[in-house]
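Quick look at my_file-v8.cif (mmCIF, C-alpha atoms):
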data_my_file
loop_
_atom_site.group_PDB
_atom_site.id
_atom_site.type_symbol
_atom_site.label_atom_id
_atom_site.label_comp_id
_atom_site.auth_asym_id
_atom_site.auth_seq_id
_atom_site.Cartn_x
_atom_site.Cartn_y
_atom_site.Cartn_z
ATOM 1 C CA MET X 4 -44.349 66.833 17.394
ATOM 2 C CA PRO X 5 -44.920 70.310 15.998
ATOM 3 C CA GLU X 6 -48.112 71.025 14.182
ATOM 4 C CA SER X 7 -47.986 70.690 10.385
ATOM 5 C CA VAL X 8 -44.315 69.893 9.829
ATOM 6 C CA PRO X 9 -43.607 70.126 6.084
ATOM 7 C CA LEU X 10 -41.871 67.234 4.409
ATOM 8 C CA ALA X 11 -38.544 67.827 2.733
ATOM 9 C CA ASP X 12 -38.403 68.591 -0.970
ATOM 10 C CA GLY X 13 -38.072 65.507 -3.139
ATOM 11 C CA PRO X 14 -40.053 62.335 -3.692
ATOM 12 C CA CYS X 15 -41.955 62.707 -0.401
ATOM 13 C CA THR X 16 -43.689 65.867 -1.542
ATOM 14 C CA GLY X 17 -46.766 65.958 -3.685
ATOM 15 C CA GLU X 18 -50.182 64.857 -2.546
ATOM 16 C CA LEU X 19 -49.136 64.717 1.130
ATOM 17 C CA GLN X 20 -47.599 68.087 1.960
ATOM 18 C CA ASP X 21 -47.142 67.761 5.712
ATOM 19 C CA PHE X 22 -46.373 65.083 8.247
ATOM 20 C CA ASP X 23 -49.698 65.492 10.059
ATOM 21 C CA SER X 24 -51.492 64.591 6.823
ATOM 22 C CA LEU X 25 -49.216 61.589 6.388
ATOM 23 C CA ILE X 26 -50.097 60.363 9.876
ATOM 24 C CA SER X 27 -53.828 60.893 9.528
ATOM 25 C CA HIS X 28 -53.850 59.169 6.129
ATOM 26 C CA TYR X 29 -51.708 56.105 6.949
ATOM 27 C CA ARG X 30 -52.126 55.577 10.702
ATOM 28 C CA PRO X 31 -55.284 53.411 10.495
ATOM 29 C CA ARG X 32 -53.613 51.016 8.062
ATOM 30 C CA ILE X 33 -50.373 50.845 10.061
ATOM 31 C CA PHE X 34 -52.243 50.364 13.343
ATOM 32 C CA ARG X 35 -54.482 47.642 11.870
ATOM 33 C CA PHE X 36 -51.432 45.733 10.602
ATOM 34 C CA LEU X 37 -49.619 46.084 13.937
ATOM 35 C CA LEU X 38 -52.684 45.037 15.940
ATOM 36 C CA ALA X 39 -53.265 42.018 13.728
ATOM 37 C CA SER X 40 -49.577 41.071 13.965
ATOM 38 C CA LEU X 41 -49.145 41.537 17.704
ATOM 39 C CA ARG X 42 -52.665 40.978 19.072
ATOM 40 C CA ASP X 43 -51.871 43.569 21.705
ATOM 41 C CA ARG X 44 -53.620 46.935 21.424
ATOM 42 C CA GLU X 45 -51.170 48.808 23.658
ATOM 43 C CA ALA X 46 -48.108 47.506 21.802
ATOM 44 C CA ALA X 47 -49.782 48.301 18.469
ATOM 45 C CA GLU X 48 -50.477 51.875 19.637
ATOM 46 C CA ASN X 49 -46.885 52.296 20.799
ATOM 47 C CA LEU X 50 -45.375 50.808 17.666
ATOM 48 C CA SER X 51 -47.680 52.932 15.484
ATOM 49 C CA GLN X 52 -46.191 55.998 17.125
ATOM 50 C CA ASP X 53 -42.684 54.569 16.768
ATOM 51 C CA CYS X 54 -43.323 53.922 13.082
ATOM 52 C CA PHE X 55 -44.147 57.555 12.414
ATOM 53 C CA VAL X 56 -41.317 58.827 14.610
ATOM 54 C CA ARG X 57 -38.873 56.690 12.620
ATOM 55 C CA ALA X 58 -40.429 57.851 9.353
ATOM 56 C CA PHE X 59 -40.156 61.479 10.442
ATOM 57 C CA LYS X 60 -36.504 61.058 11.378
ATOM 58 C CA ALA X 61 -35.736 59.248 8.105
ATOM 59 C CA ARG X 62 -37.921 61.378 5.811
ATOM 60 C CA ASP X 63 -34.863 62.767 4.025
ATOM 61 C CA GLN X 64 -33.777 59.213 3.198
ATOM 62 C CA PHE X 65 -37.019 58.333 1.384
ATOM 63 C CA ARG X 66 -35.969 57.820 -2.238
ATOM 64 C CA GLY X 67 -39.407 57.376 -3.769
ATOM 65 C CA SER X 68 -38.614 53.914 -5.137
ATOM 66 C CA SER X 69 -41.837 52.728 -3.466
ATOM 67 C CA SER X 70 -45.023 54.428 -2.355
ATOM 68 C CA LEU X 71 -45.183 56.178 1.014
ATOM 69 C CA GLY X 72 -47.589 53.476 2.198
ATOM 70 C CA THR X 73 -45.160 50.712 1.281
ATOM 71 C CA TRP X 74 -42.280 52.561 2.928
ATOM 72 C CA LEU X 75 -44.280 53.041 6.143
ATOM 73 C CA MET X 76 -45.450 49.408 6.110
ATOM 74 C CA HIS X 77 -41.796 48.345 5.751
ATOM 75 C CA ILE X 78 -40.965 50.344 8.875
ATOM 76 C CA ALA X 79 -43.949 48.785 10.679
ATOM 77 C CA ALA X 80 -42.940 45.246 9.654
ATOM 78 C CA ASN X 81 -39.429 45.882 10.964
ATOM 79 C CA LEU X 82 -40.880 47.138 14.239
ATOM 80 C CA VAL X 83 -42.943 43.943 14.575
ATOM 81 C CA ARG X 84 -39.856 41.847 13.895
ATOM 82 C CA ASP X 85 -37.830 43.808 16.467
ATOM 83 C CA HIS X 86 -40.643 43.590 19.007
ATOM 84 C CA GLU X 87 -41.015 39.840 18.562
ATOM 85 C CA ALA X 88 -37.269 39.294 18.751
ATOM 86 C CA ASN X 89 -36.919 41.098 22.045
ATOM 87 C CA SER X 90 -36.484 38.131 24.374
ATOM 88 C CA ARG X 91 -36.900 40.219 27.503
ATOM 89 C CA LEU X 92 -40.591 40.593 26.673
ATOM 90 C CA LYS X 93 -41.362 36.935 25.884
ATOM 91 C CA PHE X 94 -43.059 36.253 29.197
ATOM 92 C CA TRP X 95 -45.177 39.402 29.008
ATOM 93 C CA ARG X 96 -46.085 38.818 25.343
ATOM 94 C CA ARG X 97 -47.348 35.331 26.161
ATOM 95 C CA LYS X 98 -49.382 36.729 29.047
ATOM 96 C CA LEU X 99 -50.843 39.551 26.967
ATOM 97 C CA ARG X 100 -51.668 37.306 24.011
ATOM 98 C CA SER X 101 -53.567 34.923 26.232
ATOM 99 C CA ASP X 102 -55.693 37.863 27.406
ATOM 100 C CA VAL X 103 -56.707 39.083 23.933
ATOM 101 C CA ASP X 104 -60.439 38.744 23.465
ATOM 102 C CA LEU X 105 -61.227 37.430 20.003
ATOM 103 C CA SER X 106 -64.579 39.175 20.181
ATOM 104 C CA ASP X 107 -62.614 42.402 19.546
ATOM 105 C CA VAL X 108 -61.789 41.019 16.098
ATOM 106 C CA GLY X 109 -65.294 41.969 15.019
ATOM 107 C CA ASP X 110 -64.290 45.601 15.384
ATOM 108 C CA TRP X 111 -61.915 45.074 12.449
ATOM 109 C CA ILE X 112 -64.787 44.274 10.082
ATOM 110 C CA PRO X 113 -65.895 47.366 8.181
ATOM 111 C CA ASP X 114 -69.606 48.051 8.603
ATOM 112 C CA GLN X 115 -71.290 48.587 5.262
ATOM 113 C CA GLN X 116 -74.929 48.376 6.385
ATOM 114 C CA LYS X 117 -75.015 44.573 6.570
ATOM 115 C CA SER X 118 -77.697 42.653 8.363
ATOM 116 C CA PRO X 119 -77.006 41.558 11.956
ATOM 117 C CA GLU X 120 -76.919 37.924 10.776
ATOM 118 C CA ALA X 121 -74.355 38.719 8.068
ATOM 119 C CA LEU X 122 -72.225 40.627 10.592
ATOM 120 C CA VAL X 123 -72.308 37.716 13.069
ATOM 121 C CA LEU X 124 -71.356 35.266 10.313
ATOM 122 C CA ALA X 125 -68.525 37.529 9.119
ATOM 123 C CA LYS X 126 -67.287 37.955 12.685
ATOM 124 C CA GLU X 127 -67.273 34.187 13.229
ATOM 125 C CA GLN X 128 -65.373 33.668 9.971
ATOM 126 C CA VAL X 129 -62.773 36.298 10.891
ATOM 127 C CA GLU X 130 -62.332 34.730 14.342
ATOM 128 C CA ALA X 131 -61.860 31.267 12.810
ATOM 129 C CA ILE X 132 -59.312 32.598 10.319
ATOM 130 C CA TRP X 133 -57.502 34.465 13.083
ATOM 131 C CA ARG X 134 -57.312 31.329 15.256
ATOM 132 C CA ALA X 135 -55.912 29.397 12.294
ATOM 133 C CA ALA X 136 -53.417 32.187 11.512
ATOM 134 C CA THR X 137 -51.960 32.187 15.027
ATOM 135 C CA SER X 138 -50.089 28.964 14.234
ATOM 136 C CA LEU X 139 -48.246 30.544 11.295
ATOM 137 C CA SER X 140 -44.567 31.429 11.486
ATOM 138 C CA GLU X 141 -43.784 35.138 11.873
ATOM 139 C CA ARG X 142 -42.900 35.544 8.190
ATOM 140 C CA GLN X 143 -45.952 33.615 6.985
ATOM 141 C CA ARG X 144 -48.238 35.592 9.297
ATOM 142 C CA THR X 145 -46.734 38.899 8.131
ATOM 143 C CA VAL X 146 -47.160 38.003 4.455
ATOM 144 C CA PHE X 147 -50.688 36.666 5.095
ATOM 145 C CA LEU X 148 -51.749 39.828 6.949
ATOM 146 C CA LEU X 149 -50.228 42.172 4.383
ATOM 147 C CA ARG X 150 -51.983 40.314 1.567
ATOM 148 C CA PHE X 151 -55.411 39.737 3.074
ATOM 149 C CA VAL X 152 -55.785 42.428 5.738
ATOM 150 C CA GLU X 153 -53.948 45.233 3.957
ATOM 151 C CA ASP X 154 -54.785 44.017 0.429
ATOM 152 C CA MET X 155 -51.221 44.539 -0.787
ATOM 153 C CA ASP X 156 -49.960 42.891 -3.962
ATOM 154 C CA LEU X 157 -46.944 40.582 -4.000
ATOM 155 C CA LEU X 158 -44.477 43.237 -5.161
ATOM 156 C CA GLU X 159 -45.578 45.604 -2.371
ATOM 157 C CA ILE X 160 -45.236 42.806 0.189
ATOM 158 C CA ALA X 161 -41.763 42.036 -1.151
ATOM 159 C CA ALA X 162 -40.820 45.707 -0.760
ATOM 160 C CA VAL X 163 -42.222 45.837 2.784
ATOM 161 C CA THR X 164 -40.589 42.635 3.999
ATOM 162 C CA GLY X 165 -37.361 42.804 2.018
ATOM 163 C CA MET X 166 -38.026 39.330 0.583
ATOM 164 C CA LYS X 167 -37.877 38.377 -3.064
ATOM 165 C CA GLU X 168 -41.214 38.024 -4.821
ATOM 166 C CA GLY X 169 -40.770 34.242 -5.116
ATOM 167 C CA THR X 170 -40.142 33.973 -1.387
ATOM 168 C CA VAL X 171 -43.283 36.018 -0.701
ATOM 169 C CA LYS X 172 -45.280 33.665 -2.946
ATOM 170 C CA THR X 173 -43.913 30.643 -1.107
ATOM 171 C CA HIS X 174 -44.728 32.064 2.332
ATOM 172 C CA LEU X 175 -48.194 33.130 1.170
ATOM 173 C CA PHE X 176 -48.907 29.719 -0.350
ATOM 174 C CA ARG X 177 -47.838 27.918 2.824
ATOM 175 C CA ALA X 178 -49.768 30.363 5.014
ATOM 176 C CA VAL X 179 -52.972 29.886 3.020
ATOM 177 C CA GLN X 180 -52.530 26.101 3.152
ATOM 178 C CA SER X 181 -52.044 26.207 6.924
ATOM 179 C CA VAL X 182 -55.026 28.480 7.470
ATOM 180 C CA ARG X 183 -57.248 26.270 5.275
ATOM 181 C CA LEU X 184 -56.109 23.196 7.163
ATOM 182 C CA GLY X 185 -56.780 24.964 10.470
ATOM 183 C CA LEU X 186 -60.266 25.935 9.315
ATOM 184 C CA GLU X 187 -61.041 22.385 8.216
ATOM 185 C CA GLU X 188 -59.847 20.985 11.550
ATOM 186 C CA GLY X 189 -61.931 23.580 13.413
ATOM 187 C CA LYS X 190 -65.201 22.422 11.821
#
As structure tokens, please, write out the structure in this file.
Amino acid sequence: MPESVPLADGPCTGELQDFDSLISHYRPRIFRFLLASLRDREAAENLSQDCFVRAFKARDQFRGSSSLGTWLMHIAANLVRDHEANSRLKFWRRKLRSDVDLSDVGDWIPDQQKSPEALVLAKEQVEAIWRAATSLSERQRTVFLLRFVEDMDLLEIAAVTGMKEGTVKTHLFRAVQSVRLGLEEGK
């Protein structure tokens, strides 16, 4: 990709004037969502790139009806859905998922000068939540991750997933119930 490719005139312009800035600003969030969704670092890296390639190709179609972050997250959610639906990869996905080390989850916890004990406790809590979240349906897991990992509000999640706000609420409610139940059973 060429260095510093300007975005087209229109709703895309403004604070983010070039595509390199867009990537550097939004890539960590997109990658984190993809990694949490897929539990496969290589696939998350590849789909992160695919997300920005698709965004670059469709940049003229961005209407500005949502934020750039929401638009990119919508592309990422579609990529996850497409990836999961690809039946040719089912065997390999199962193999890769069984090899994911939950100790890597601790790398997702932001370090804000917490004590080692607090970090260990936080890591254990994140691992327990992640184990409980693995049993969620794809839609529930996507809504759960967008809400609690990406801290998106319900309207943003609806825009990303293409669901109605009420449907998002239902999936989120059921996901939280399932995760709570999984945490209680894990004690």
On this file, the PyMOL selection byres ((chain X and resi 52) around 12) gives some set of residues; write that set as a VMD selection string.
chain X and resid 4 26 to 27 29 to 31 33 to 34 37 45 to 51 53 to 59 75 78 to 79 82
Take the selection from the previous step and output its residues with C-alpha atoms, as a compact mmCIF listing (two decimals), in the coordinates of the input.
# COMPACT_ATOMS: atom_id res chain seq x y z
CA MET X 4 -44.35 66.83 17.39
CA ILE X 26 -50.10 60.36 9.88
CA SER X 27 -53.83 60.89 9.53
CA TYR X 29 -51.71 56.10 6.95
CA ARG X 30 -52.13 55.58 10.70
CA PRO X 31 -55.28 53.41 10.50
CA ILE X 33 -50.37 50.84 10.06
CA PHE X 34 -52.24 50.36 13.34
CA LEU X 37 -49.62 46.08 13.94
CA GLU X 45 -51.17 48.81 23.66
CA ALA X 46 -48.11 47.51 21.80
CA ALA X 47 -49.78 48.30 18.47
CA GLU X 48 -50.48 51.88 19.64
CA ASN X 49 -46.88 52.30 20.80
CA LEU X 50 -45.38 50.81 17.67
CA SER X 51 -47.68 52.93 15.48
CA ASP X 53 -42.68 54.57 16.77
CA CYS X 54 -43.32 53.92 13.08
CA PHE X 55 -44.15 57.56 12.41
CA VAL X 56 -41.32 58.83 14.61
CA ARG X 57 -38.87 56.69 12.62
CA ALA X 58 -40.43 57.85 9.35
CA PHE X 59 -40.16 61.48 10.44
CA LEU X 75 -44.28 53.04 6.14
CA ILE X 78 -40.96 50.34 8.88
CA ALA X 79 -43.95 48.78 10.68
CA LEU X 82 -40.88 47.14 14.24
Taking (-42.8, 39.9, 4.5) in the coordinates of the supplied file, I want to know which residues reach to within 9 Å of it, counting only C-alpha atoms; could you give the answer as a PyMOL selection string?
chain X and resi 77+80+141-147+149+160-166+170-171+174
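Going from atom CA of X:Leu186 to atom CA of X:Leu38 covers 21.6 Å.
Take atom CA of X:Arg183 and atom CA of X:Leu158: the distance between them is 23.7 Å.
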For a quick check of understanding, using all atoms listed in the file, which of X:Glu187, X:Glu130, X:Glu120, X:Asp156 has the smallest distance to X:Ala39?
X:Glu130
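You will find atom CA of X:Thr137 at 22.4 Å from atom CA of X:Leu122.
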Evaluate the PyMOL selection byres ((chain X and resi 185) around 10) on the structure here and hand back the selected residues as a ChimeraX atom specification.
/X:131-138,179-184,186-190
Six-sided padding of 5 Å per side, axis-aligned box over stretch 170-185 of chain X, centre and edges in Å, one decimal, as JSON:
{"center_x": -48.7, "center_y": 29.6, "center_z": 3.8, "size_x": 27.1, "size_y": 22.8, "size_z": 23.4}
Could you add N, CA, C and O atoms to stretch 131-155 of chain X and give me the result as an mmCIF file, in the coordinates of the input?
data_model
loop_
_atom_site.group_PDB
_atom_site.id
_atom_site.type_symbol
_atom_site.label_atom_id
_atom_site.label_comp_id
_atom_site.auth_asym_id
_atom_site.auth_seq_id
_atom_site.Cartn_x
_atom_site.Cartn_y
_atom_site.Cartn_z
ATOM 1 N N ALA X 131 -62.380 32.581 13.184
ATOM 2 C CA ALA X 131 -61.860 31.267 12.810
ATOM 3 C C ALA X 131 -60.555 31.418 12.018
ATOM 4 O O ALA X 131 -59.586 30.676 12.253
ATOM 5 N N ILE X 132 -60.532 32.360 11.099
ATOM 6 C CA ILE X 132 -59.312 32.598 10.319
ATOM 7 C C ILE X 132 -58.191 33.073 11.236
ATOM 8 O O ILE X 132 -57.049 32.629 11.129
ATOM 9 N N TRP X 133 -58.530 33.967 12.165
ATOM 10 C CA TRP X 133 -57.502 34.465 13.083
ATOM 11 C C TRP X 133 -56.925 33.341 13.933
ATOM 12 O O TRP X 133 -55.716 33.233 14.116
ATOM 13 N N ARG X 134 -57.802 32.460 14.449
ATOM 14 C CA ARG X 134 -57.312 31.329 15.256
ATOM 15 C C ARG X 134 -56.375 30.461 14.420
ATOM 16 O O ARG X 134 -55.334 30.023 14.899
ATOM 17 N N ALA X 135 -56.751 30.220 13.171
ATOM 18 C CA ALA X 135 -55.912 29.397 12.294
ATOM 19 C C ALA X 135 -54.593 30.112 11.983
ATOM 20 O O ALA X 135 -53.545 29.478 11.870
ATOM 21 N N ALA X 136 -54.623 31.420 11.858
ATOM 22 C CA ALA X 136 -53.417 32.187 11.512
ATOM 23 C C ALA X 136 -52.430 32.288 12.664
ATOM 24 O O ALA X 136 -51.247 32.553 12.428
ATOM 25 N N THR X 137 -52.877 32.071 13.884
ATOM 26 C CA THR X 137 -51.960 32.187 15.027
ATOM 27 C C THR X 137 -50.861 31.125 14.994
ATOM 28 O O THR X 137 -49.815 31.314 15.595
ATOM 29 N N SER X 138 -51.105 30.030 14.281
ATOM 30 C CA SER X 138 -50.089 28.964 14.234
ATOM 31 C C SER X 138 -49.032 29.209 13.157
ATOM 32 O O SER X 138 -48.070 28.456 13.070
ATOM 33 N N LEU X 139 -49.198 30.258 12.366
ATOM 34 C CA LEU X 139 -48.246 30.544 11.295
ATOM 35 C C LEU X 139 -46.928 31.067 11.862
ATOM 36 O O LEU X 139 -46.905 31.693 12.918
ATOM 37 N N SER X 140 -45.850 30.837 11.105
ATOM 38 C CA SER X 140 -44.567 31.429 11.486
ATOM 39 C C SER X 140 -44.680 32.946 11.349
ATOM 40 O O SER X 140 -45.603 33.458 10.698
ATOM 41 N N GLU X 141 -43.740 33.671 11.926
ATOM 42 C CA GLU X 141 -43.784 35.138 11.873
ATOM 43 C C GLU X 141 -43.812 35.639 10.426
ATOM 44 O O GLU X 141 -44.610 36.512 10.078
ATOM 45 N N ARG X 142 -42.953 35.096 9.588
ATOM 46 C CA ARG X 142 -42.900 35.544 8.190
ATOM 47 C C ARG X 142 -44.198 35.207 7.447
ATOM 48 O O ARG X 142 -44.713 36.023 6.695
ATOM 49 N N GLN X 143 -44.703 33.998 7.648
ATOM 50 C CA GLN X 143 -45.952 33.615 6.985
ATOM 51 C C GLN X 143 -47.105 34.509 7.451
ATOM 52 O O GLN X 143 -47.913 34.959 6.645
ATOM 53 N N ARG X 144 -47.166 34.754 8.750
ATOM 54 C CA ARG X 144 -48.238 35.592 9.297
ATOM 55 C C ARG X 144 -48.137 37.019 8.742
ATOM 56 O O ARG X 144 -49.134 37.616 8.352
ATOM 57 N N THR X 145 -46.919 37.552 8.667
ATOM 58 C CA THR X 145 -46.734 38.899 8.131
ATOM 59 C C THR X 145 -47.197 38.969 6.682
ATOM 60 O O THR X 145 -47.955 39.863 6.305
ATOM 61 N N VAL X 146 -46.765 38.020 5.865
ATOM 62 C CA VAL X 146 -47.160 38.003 4.455
ATOM 63 C C VAL X 146 -48.669 37.828 4.334
ATOM 64 O O VAL X 146 -49.330 38.517 3.550
ATOM 65 N N PHE X 147 -49.240 36.924 5.113
ATOM 66 C CA PHE X 147 -50.688 36.666 5.095
ATOM 67 C C PHE X 147 -51.468 37.930 5.453
ATOM 68 O O PHE X 147 -52.433 38.297 4.767
ATOM 69 N N LEU X 148 -51.050 38.615 6.515
ATOM 70 C CA LEU X 148 -51.749 39.828 6.949
ATOM 71 C C LEU X 148 -51.615 40.958 5.926
ATOM 72 O O LEU X 148 -52.581 41.664 5.648
ATOM 73 N N LEU X 149 -50.418 41.118 5.379
ATOM 74 C CA LEU X 149 -50.228 42.172 4.383
ATOM 75 C C LEU X 149 -51.078 41.903 3.140
ATOM 76 O O LEU X 149 -51.632 42.826 2.552
ATOM 77 N N ARG X 150 -51.208 40.641 2.763
ATOM 78 C CA ARG X 150 -51.983 40.314 1.567
ATOM 79 C C ARG X 150 -53.493 40.433 1.804
ATOM 80 O O ARG X 150 -54.204 41.041 1.026
ATOM 81 N N PHE X 151 -53.973 39.849 2.901
ATOM 82 C CA PHE X 151 -55.411 39.737 3.074
ATOM 83 C C PHE X 151 -56.023 40.784 3.996
ATOM 84 O O PHE X 151 -57.211 41.070 3.887
ATOM 85 N N VAL X 152 -55.256 41.352 4.894
ATOM 86 C CA VAL X 152 -55.785 42.428 5.738
ATOM 87 C C VAL X 152 -55.523 43.772 5.076
ATOM 88 O O VAL X 152 -56.405 44.624 5.000
ATOM 89 N N GLU X 153 -54.313 43.959 4.568
ATOM 90 C CA GLU X 153 -53.948 45.233 3.957
ATOM 91 C C GLU X 153 -54.132 45.251 2.443
ATOM 92 O O GLU X 153 -53.922 46.272 1.811
ATOM 93 N N ASP X 154 -54.489 44.125 1.851
ATOM 94 C CA ASP X 154 -54.785 44.017 0.429
ATOM 95 C C ASP X 154 -53.619 44.508 -0.439
ATOM 96 O O ASP X 154 -53.811 45.190 -1.439
ATOM 97 N N MET X 155 -52.411 44.154 -0.029
ATOM 98 C CA MET X 155 -51.221 44.539 -0.787
ATOM 99 C C MET X 155 -50.924 43.468 -1.825
ATOM 100 O O MET X 155 -51.180 42.283 -1.597
#
